[in-house]
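Before any comments, here is the structure.
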Amino acid sequence: MPQLRGQQKNWLVSAHVASGGVWLGTAICMVVIALNHQTATNGDELYAVNAVLKLLDDVVIIPAAMLSLLTGGLLSWLTIWGFTKFYWVITKWIATVALIVFGSFWLGPWTNAATAIAQTERLQALTNPLFMFDFKAAATGGAVQVFCLFVIISISVLKPWGRRTIEKSETPVGES
């Protein structure tokens with residue numbers, strides 16, 4: 001497999017950094033919006049805030065996370081970094097996949113549920129324990145996601161832990 005070099009690699013790295021930046025920036029905005037509107041006094045406002053959070057998740061977070069995963073995969077496949085040669089790459093892969101799974105199975109559903117409850121109950125949603133759980137869980141989980149994205153980006157910049165040492169067996173595979 002030919003490896004990317006020069007401009008091709010730079011464009012792919014730029015797309016990877018941009019998608020990670022969009023993911024992080026939108027996640028920060030969602031947490032700030034959620035925390036700023038915890039005590040809404042108007043049902044329409046409460047629903048609008050939740051609808052905006054759902055929109056940002058569906059239209060920005062999910063595509064940015066997928067693009068980050070895709071560009072990271074291409075960088076691993078088409079450059080010297082590989083998938084398992086460096087501990088920092090392995091760590092980023094595990095953390096990115098974990099965040100996408102967390103977002104898919106918990107953050108997204110919490111956001112969607114809170115939005116649906118706010119849409120039907122409006123201001124009464126604030127007295128619904130399920131709404132309060134979903135809203136607070138999404139805000140807290142979003143803050144955790146933001147922290148983890150900062151860590152992943154820091155790992156990308158610092159590239160700690162170095163290269164893995166892989167011991168080769170003395171007998172090549174397939175020979176006895």
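Quick note on naming: the chains in the structure tokens go A, B, ... in the order shown, residues restart at 1 in each chain, and ligands are numbered from 1 in order of appearance.
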
- Query: Within 12 Å of A:Arg122, counting only C-alpha atoms, which residues qualify if same-chain residues fewer than 6 places away don't, as a list in words?
  - Reply: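 Within the cut-off, the hits are Ala40, Thr41, Asn42, Gly43, Asp44, Glu45, Leu46, Tyr47, Ala48, Val49, Asn50, Ala51, Ala114, Thr115, Ala116, Asn128 and Phe131 of chain A.
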
Would you write out, as JSON lines, a table of all residues in stretch 23-127 of chain A that have an atom no more than 10 Å from an atom of stretch 136-158 of chain A, listing for each the closest atom pair and the distance in Å to one decimal, considering only C-alpha atoms and ordering rows by chain and rising residue number?
```
{"residue": "A:Trp23", "atom": "CA", "partner": "A:Leu149", "partner_atom": "CA", "distance": 8.3}
{"residue": "A:Leu24", "atom": "CA", "partner": "A:Val146", "partner_atom": "CA", "distance": 6.2}
{"residue": "A:Gly25", "atom": "CA", "partner": "A:Val146", "partner_atom": "CA", "distance": 8.6}
{"residue": "A:Thr26", "atom": "CA", "partner": "A:Val146", "partner_atom": "CA", "distance": 9.3}
{"residue": "A:Ala27", "atom": "CA", "partner": "A:Val146", "partner_atom": "CA", "distance": 6.1}
{"residue": "A:Ile28", "atom": "CA", "partner": "A:Val146", "partner_atom": "CA", "distance": 6.3}
{"residue": "A:Cys29", "atom": "CA", "partner": "A:Gly142", "partner_atom": "CA", "distance": 9.8}
{"residue": "A:Met30", "atom": "CA", "partner": "A:Gly142", "partner_atom": "CA", "distance": 7.5}
{"residue": "A:Val31", "atom": "CA", "partner": "A:Ala139", "partner_atom": "CA", "distance": 5.6}
{"residue": "A:Val32", "atom": "CA", "partner": "A:Ala139", "partner_atom": "CA", "distance": 8.6}
{"residue": "A:Ile33", "atom": "CA", "partner": "A:Ala139", "partner_atom": "CA", "distance": 9.1}
{"residue": "A:Ala34", "atom": "CA", "partner": "A:Ala139", "partner_atom": "CA", "distance": 6.1}
{"residue": "A:Leu35", "atom": "CA", "partner": "A:Ala139", "partner_atom": "CA", "distance": 7.0}
{"residue": "A:Gln38", "atom": "CA", "partner": "A:Lys136", "partner_atom": "CA", "distance": 8.7}
{"residue": "A:Leu53", "atom": "CA", "partner": "A:Ala138", "partner_atom": "CA", "distance": 9.8}
{"residue": "A:Trp88", "atom": "CA", "partner": "A:Ile155", "partner_atom": "CA", "distance": 6.4}
{"residue": "A:Val89", "atom": "CA", "partner": "A:Ser156", "partner_atom": "CA", "distance": 8.1}
{"residue": "A:Thr91", "atom": "CA", "partner": "A:Ile152", "partner_atom": "CA", "distance": 8.2}
{"residue": "A:Lys92", "atom": "CA", "partner": "A:Ile152", "partner_atom": "CA", "distance": 5.9}
{"residue": "A:Trp93", "atom": "CA", "partner": "A:Ile152", "partner_atom": "CA", "distance": 9.3}
{"residue": "A:Ala95", "atom": "CA", "partner": "A:Ile152", "partner_atom": "CA", "distance": 7.2}
{"residue": "A:Thr96", "atom": "CA", "partner": "A:Ile152", "partner_atom": "CA", "distance": 7.8}
{"residue": "A:Ala98", "atom": "CA", "partner": "A:Cys148", "partner_atom": "CA", "distance": 10.0}
{"residue": "A:Leu99", "atom": "CA", "partner": "A:Gln145", "partner_atom": "CA", "distance": 6.8}
{"residue": "A:Ile100", "atom": "CA", "partner": "A:Gln145", "partner_atom": "CA", "distance": 9.6}
{"residue": "A:Phe102", "atom": "CA", "partner": "A:Gly141", "partner_atom": "CA", "distance": 8.6}
{"residue": "A:Gly103", "atom": "CA", "partner": "A:Gln145", "partner_atom": "CA", "distance": 8.5}
{"residue": "A:Trp106", "atom": "CA", "partner": "A:Ala138", "partner_atom": "CA", "distance": 7.9}
{"residue": "A:Leu107", "atom": "CA", "partner": "A:Ala138", "partner_atom": "CA", "distance": 5.3}
{"residue": "A:Gly108", "atom": "CA", "partner": "A:Ala138", "partner_atom": "CA", "distance": 7.9}
{"residue": "A:Pro109", "atom": "CA", "partner": "A:Ala138", "partner_atom": "CA", "distance": 8.7}
{"residue": "A:Trp110", "atom": "CA", "partner": "A:Ala138", "partner_atom": "CA", "distance": 5.7}
{"residue": "A:Thr111", "atom": "CA", "partner": "A:Ala138", "partner_atom": "CA", "distance": 6.0}
{"residue": "A:Asn112", "atom": "CA", "partner": "A:Ala138", "partner_atom": "CA", "distance": 9.6}
{"residue": "A:Ala114", "atom": "CA", "partner": "A:Ala138", "partner_atom": "CA", "distance": 8.8}
```

- Message: When you count only C-alpha atoms, which of these residues is closest to A:Gly72: A:Glu121, A:Gly20, A:Val60, A:Trp161?
- Response: A:Gly20

- Message: One decimal, in Å: what's the spacing between atom CA of A:Met132 and atom CA of A:Val22?
- Response: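 Separating atom CA of A:Met132 from atom CA of A:Val22 is a distance of 27.7 Å.
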
- Item | Interatomic distance, atom CA of A:Ile80 to atom CA of A:His16 (Å, one decimal) |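 Atom CA of A:Ile80 sits 16.1 Å away from atom CA of A:His16.
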